[in-house]
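J.: I have a structure here, written as structure tokens, and I will follow up with some questions on it.
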Amino acid sequence: VLPGETFINVGQNPKVGSSIRQTQHTQLCQGSLKLYPILQIPSKHSPRRLRDSADATLEVVEVLPKDMSPEHAGIMIRVVAANPTSPAVVKFLVDLRFHLLSHVDGAAEAIDFLVTAVSDENGKFVVIFAPIAQLFQLDDQHPDLATWANPLTGESSEAVGLQETRIDFGKGVGHFLVAKPALRAQLLDNGEDTLRRIWAFNRIPGIQNLIEEFIVKNDVLANNTTE
């Protein structure tokens, strides 16, 4: 990095984090992979290389607190590549998105996606593609103060004891604008556990099976890839 330059985190809000919803725009902030522990969570398997790429690898990462069972995990896809806009990477993400939208009931209003990309500071980029539930607001309060629900699990923020449950460009990596003292206290008490619980709250039941089904059915991995 030259003097005056910095690494950039670039992404797009899902609808729940967007004030304009229908015409979402790109978000930018200073950041790289090493600044966001939540994006560094290890996956169960070693990175697997995409078949049509010389270097791009993918991982399916489960995000949940230590006291939860795997079926409650939030899921993120982590793709690492020297060129994150290469045809192989773009095709994988676009086709996977279409597959998930085609196989979840009422998907257009039921699920959404958080997508963000950061540098690993070693010459490659990390693309995070996370399918999440479209939360809905249960009351008429300001969104920062409201009670939210995941319609796919039936859970509410009040029931699970979370002062914030939305995932967006900032909150997904741990950036919070705090509008209420209870959220501030919860984050300061155990920020990592709270963030992991937020990811778990946004889970889509059965999504990991759909992702693995797509990977196998479409033969997206290199033949020499091992788990």
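As shown in the structure tokens, the chain order sets the letters A, B, ...; within each chain, residues go from 1, and ligands are also counted from 1 in the order they appear.
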What lies within 7 Å of A:Ile77 using only C-alpha atoms, ignoring chain neighbours under 2 positions off, as an NGL selection string?
T.: :A and (58-61 or 75 or 79 or 128-130)
J.: Excluding same-chain residues fewer than 4 positions from A:Val63, what lies within 8 Å of it counting only C-alpha atoms, as number ranges by chain?
T.: A: 41, 73-76, 196, 199-200
J.: Next, the residues of the selection above should be written as a PDB file, in the first residue's frame with all heavy atoms.
T.:
```pdb
ATOM      1  N   ILE A  41     -13.777 -16.834  10.422  1.00  0.00           N
ATOM      2  CA  ILE A  41     -14.184 -18.080  11.072  1.00  0.00           C
ATOM      3  C   ILE A  41     -13.833 -19.268  10.173  1.00  0.00           C
ATOM      4  O   ILE A  41     -14.172 -19.263   8.986  1.00  0.00           O
ATOM      5  CB  ILE A  41     -15.694 -18.069  11.361  1.00  0.00           C
ATOM      6  CG1 ILE A  41     -16.019 -17.007  12.418  1.00  0.00           C
ATOM      7  CG2 ILE A  41     -16.175 -19.434  11.825  1.00  0.00           C
ATOM      8  CD1 ILE A  41     -17.493 -16.850  12.684  1.00  0.00           C
ATOM      9  N   ALA A  73     -27.064 -22.634  12.624  1.00  0.00           N
ATOM     10  CA  ALA A  73     -25.985 -21.769  12.141  1.00  0.00           C
ATOM     11  C   ALA A  73     -26.442 -20.865  11.013  1.00  0.00           C
ATOM     12  O   ALA A  73     -27.212 -21.265  10.143  1.00  0.00           O
ATOM     13  CB  ALA A  73     -24.806 -22.618  11.664  1.00  0.00           C
ATOM     14  N   GLY A  74     -25.943 -19.629  11.033  1.00  0.00           N
ATOM     15  CA  GLY A  74     -25.999 -18.793   9.853  1.00  0.00           C
ATOM     16  C   GLY A  74     -24.928 -19.275   8.888  1.00  0.00           C
ATOM     17  O   GLY A  74     -23.942 -19.894   9.303  1.00  0.00           O
ATOM     18  N   ILE A  75     -25.102 -19.030   7.611  1.00  0.00           N
ATOM     19  CA  ILE A  75     -24.183 -19.561   6.603  1.00  0.00           C
ATOM     20  C   ILE A  75     -23.618 -18.428   5.758  1.00  0.00           C
ATOM     21  O   ILE A  75     -24.344 -17.539   5.310  1.00  0.00           O
ATOM     22  CB  ILE A  75     -24.896 -20.573   5.677  1.00  0.00           C
ATOM     23  CG1 ILE A  75     -25.397 -21.775   6.490  1.00  0.00           C
ATOM     24  CG2 ILE A  75     -23.962 -21.034   4.554  1.00  0.00           C
ATOM     25  CD1 ILE A  75     -24.305 -22.619   7.119  1.00  0.00           C
ATOM     26  N   MET A  76     -22.306 -18.473   5.546  1.00  0.00           N
ATOM     27  CA  MET A  76     -21.687 -17.586   4.574  1.00  0.00           C
ATOM     28  C   MET A  76     -20.808 -18.405   3.626  1.00  0.00           C
ATOM     29  O   MET A  76     -20.185 -19.393   4.033  1.00  0.00           O
ATOM     30  CB  MET A  76     -20.861 -16.480   5.243  1.00  0.00           C
ATOM     31  CG  MET A  76     -19.607 -16.949   5.951  1.00  0.00           C
ATOM     32  SD  MET A  76     -18.517 -15.582   6.490  1.00  0.00           S
ATOM     33  CE  MET A  76     -19.444 -14.876   7.838  1.00  0.00           C
ATOM     34  N   ARG A 196     -22.307 -13.422  16.537  1.00  0.00           N
ATOM     35  CA  ARG A 196     -22.570 -14.791  16.096  1.00  0.00           C
ATOM     36  C   ARG A 196     -24.056 -15.141  16.249  1.00  0.00           C
ATOM     37  O   ARG A 196     -24.642 -15.822  15.402  1.00  0.00           O
ATOM     38  CB  ARG A 196     -21.713 -15.776  16.890  1.00  0.00           C
ATOM     39  CG  ARG A 196     -20.233 -15.807  16.473  1.00  0.00           C
ATOM     40  CD  ARG A 196     -19.427 -16.666  17.433  1.00  0.00           C
ATOM     41  NE  ARG A 196     -18.042 -16.835  17.012  1.00  0.00           N
ATOM     42  CZ  ARG A 196     -17.572 -17.900  16.362  1.00  0.00           C
ATOM     43  NH1 ARG A 196     -18.394 -18.904  16.078  1.00  0.00           N
ATOM     44  NH2 ARG A 196     -16.308 -17.989  16.018  1.00  0.00           N
ATOM     45  N   TRP A 199     -26.031 -13.595  13.408  1.00  0.00           N
ATOM     46  CA  TRP A 199     -25.918 -14.409  12.191  1.00  0.00           C
ATOM     47  C   TRP A 199     -26.813 -15.645  12.286  1.00  0.00           C
ATOM     48  O   TRP A 199     -27.496 -16.010  11.323  1.00  0.00           O
ATOM     49  CB  TRP A 199     -24.464 -14.819  11.967  1.00  0.00           C
ATOM     50  CG  TRP A 199     -23.681 -13.809  11.198  1.00  0.00           C
ATOM     51  CD1 TRP A 199     -23.026 -12.715  11.694  1.00  0.00           C
ATOM     52  CD2 TRP A 199     -23.487 -13.778   9.788  1.00  0.00           C
ATOM     53  NE1 TRP A 199     -22.427 -12.020  10.674  1.00  0.00           N
ATOM     54  CE2 TRP A 199     -22.696 -12.650   9.492  1.00  0.00           C
ATOM     55  CE3 TRP A 199     -23.894 -14.598   8.744  1.00  0.00           C
ATOM     56  CZ2 TRP A 199     -22.305 -12.311   8.190  1.00  0.00           C
ATOM     57  CZ3 TRP A 199     -23.508 -14.269   7.443  1.00  0.00           C
ATOM     58  CH2 TRP A 199     -22.726 -13.142   7.179  1.00  0.00           C
ATOM     59  N   ALA A 200     -26.825 -16.288  13.441  1.00  0.00           N
ATOM     60  CA  ALA A 200     -27.658 -17.479  13.611  1.00  0.00           C
ATOM     61  C   ALA A 200     -29.150 -17.128  13.520  1.00  0.00           C
ATOM     62  O   ALA A 200     -29.944 -17.903  12.974  1.00  0.00           O
ATOM     63  CB  ALA A 200     -27.358 -18.145  14.946  1.00  0.00           C
TER      64      ALA A 200
END
```
J.: From a backbone DSSP assignment, name each residue in stretch 2-130 of chain A labelled alpha helix (DSSP H), as a PyMOL selection string.
T.: chain A and resi 87-103+107-110
J.: Taking into account only C-alpha atoms, which residue in the set A:Ile132, A:Glu121, A:Phe98, A:Glu192 is nearest to A:Lys66?
T.: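 Closest candidate: A:Glu192.
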J.: Show me, as a list of chain:residue names, the residues that have an atom within 10 Å of A:Asn218 when counting only C-alpha atoms, minus same-chain residues fewer than 6 positions from it.
T.: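 Counting only the stated atoms, we get A:Phe92, A:Asp95, A:Leu96, A:Glu212.
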J.: Contacts of A:Gly161 at 12 Å or less, counting only C-alpha atoms, minus same-chain residues fewer than 3 places along, as a compact mmCIF listing (two decimals) with N, CA and C atoms, in the first residue's frame?
T.:
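out20.txt, freshly written:
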```txt
# COMPACT_ATOMS: atom_id res chain seq x y z
N THR A 147 -38.78 -4.41 17.26
CA THR A 147 -38.68 -5.85 17.41
C THR A 147 -38.78 -6.47 16.02
N TRP A 148 -37.86 -7.39 15.71
CA TRP A 148 -37.79 -8.01 14.39
C TRP A 148 -38.02 -9.50 14.50
N ALA A 149 -38.51 -10.09 13.40
CA ALA A 149 -38.77 -11.53 13.38
C ALA A 149 -38.20 -12.15 12.11
N GLU A 155 -38.79 -17.10 14.97
CA GLU A 155 -38.17 -16.46 16.12
C GLU A 155 -38.28 -14.93 16.03
N SER A 156 -38.36 -14.29 17.19
CA SER A 156 -38.33 -12.83 17.25
C SER A 156 -37.12 -12.39 18.05
N SER A 157 -36.71 -11.15 17.81
CA SER A 157 -35.56 -10.63 18.55
C SER A 157 -35.83 -10.62 20.05
N GLU A 158 -37.07 -10.34 20.43
CA GLU A 158 -37.43 -10.33 21.84
C GLU A 158 -37.31 -11.73 22.45
N GLU A 164 -30.39 -6.35 18.78
CA GLU A 164 -30.27 -6.08 17.35
C GLU A 164 -30.20 -7.41 16.62
N THR A 165 -30.94 -7.55 15.52
CA THR A 165 -30.92 -8.83 14.80
C THR A 165 -30.66 -8.65 13.32
N ALA A 182 -29.37 -0.58 25.85
CA ALA A 182 -29.36 -2.04 26.04
C ALA A 182 -28.50 -2.73 24.98
N LEU A 183 -28.51 -2.21 23.75
CA LEU A 183 -27.66 -2.79 22.70
C LEU A 183 -26.20 -2.52 23.00
N GLN A 186 -25.09 -4.92 25.62
CA GLN A 186 -24.97 -6.29 25.11
C GLN A 186 -23.70 -6.47 24.28
N THR A 194 -22.53 -11.95 20.60
CA THR A 194 -23.73 -11.27 20.09
C THR A 194 -23.77 -11.30 18.57
N ARG A 197 -24.67 -14.67 17.32
CA ARG A 197 -26.10 -14.94 17.54
C ARG A 197 -26.96 -14.20 16.50
N ILE A 198 -26.53 -13.03 16.11
CA ILE A 198 -27.25 -12.30 15.06
C ILE A 198 -27.20 -13.08 13.75
N PHE A 201 -29.52 -15.97 14.03
CA PHE A 201 -30.91 -15.53 13.97
C PHE A 201 -31.38 -15.39 12.53
```
J.: Please return, as a ChimeraX atom specification, all residues of stretch 47-224 of chain A that DSSP assigns to strand (DSSP E or B) on the basis of the backbone.
T.: /A:48-50,57-63,74-81,111-119,125-133,136-137,148-150,155-156,221
J.: So, with only C-alpha atoms as the atoms that count, which of A:Ile111, A:Ala133, A:Ala222, A:Val127 lies closest to A:Gly11?
T.: A:Val127
J.: Using only C-alpha atoms, which protein or nucleic acid residues come within 7 Å of A:Val126? Drop anything in the same chain fewer than 5 positions from it, and give the result as JSON, numbers by chain.
T.: {"A": [78, 79, 80, 81, 117, 118, 119, 120]}
J.: Keeping N, CA and C atoms, export the residues of the selection given above as an mmCIF file, in the first residue's frame.
T.:
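So the final result, stored in part.cif, reads:
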```
data_model
loop_
_atom_site.group_PDB
_atom_site.id
_atom_site.type_symbol
_atom_site.label_atom_id
_atom_site.label_comp_id
_atom_site.auth_asym_id
_atom_site.auth_seq_id
_atom_site.Cartn_x
_atom_site.Cartn_y
_atom_site.Cartn_z
ATOM 1 N N ARG A 78 -17.495 -18.218 1.442
ATOM 2 C CA ARG A 78 -16.271 -17.409 1.355
ATOM 3 C C ARG A 78 -15.477 -17.850 0.132
ATOM 4 N N VAL A 79 -15.346 -16.942 -0.822
ATOM 5 C CA VAL A 79 -14.582 -17.205 -2.037
ATOM 6 C C VAL A 79 -13.329 -16.344 -2.012
ATOM 7 N N VAL A 80 -12.171 -16.976 -2.192
ATOM 8 C CA VAL A 80 -10.897 -16.265 -2.206
ATOM 9 C C VAL A 80 -10.285 -16.394 -3.592
ATOM 10 N N ALA A 81 -9.940 -15.267 -4.198
ATOM 11 C CA ALA A 81 -9.420 -15.298 -5.566
ATOM 12 C C ALA A 81 -8.579 -14.058 -5.834
ATOM 13 N N ALA A 117 -16.880 -7.637 -0.254
ATOM 14 C CA ALA A 117 -15.561 -8.087 -0.705
ATOM 15 C C ALA A 117 -14.480 -7.248 -0.044
ATOM 16 N N VAL A 118 -13.440 -7.937 0.416
ATOM 17 C CA VAL A 118 -12.314 -7.270 1.070
ATOM 18 C C VAL A 118 -11.007 -7.874 0.568
ATOM 19 N N SER A 119 -9.931 -7.135 0.740
ATOM 20 C CA SER A 119 -8.602 -7.663 0.426
ATOM 21 C C SER A 119 -8.106 -8.534 1.579
ATOM 22 N N ASP A 120 -7.311 -9.564 1.239
ATOM 23 C CA ASP A 120 -6.662 -10.333 2.303
ATOM 24 C C ASP A 120 -5.282 -9.774 2.617
#
```
J.: Which polymer residues have any atom within 9 Å of an atom of A:Val89, counting only C-alpha atoms, with same-chain residues fewer than 6 positions away left out, as a PyMOL selection string?
T.: chain A and resi 50+52-53+56+79+81+83
J.: In terms of the shortest atom-to-atom distance over only C-alpha atoms, which of A:Leu138, A:Ala110, A:Val90, A:Leu145 is closest to A:Pro205?
T.: A:Ala110
J.: Which of these residues is nearest to A:Asp144, using only C-alpha atoms: A:Val16, A:Leu93, A:Leu35, A:Ile211?
T.: A:Val16
J.: May I ask for the distance between atom CA of A:Leu28 and atom CA of A:His175, given in Å to one decimal place?
T.: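 Separation between atom CA of A:Leu28 and atom CA of A:His175: 12.6 Å.
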J.: At what distance in Å, to one decimal, does atom CA of A:Ala107 lie from atom CA of A:Arg166?
T.: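 Computed distance, atom CA of A:Arg166 to atom CA of A:Ala107, equals 18.1 Å.
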J.: In Å, rounded to a single decimal, give me how far atom CA of A:Asp139 is from atom CA of A:Phe113.
T.: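 Result for atom CA of A:Phe113 versus atom CA of A:Asp139: 23.7 Å, one decimal.
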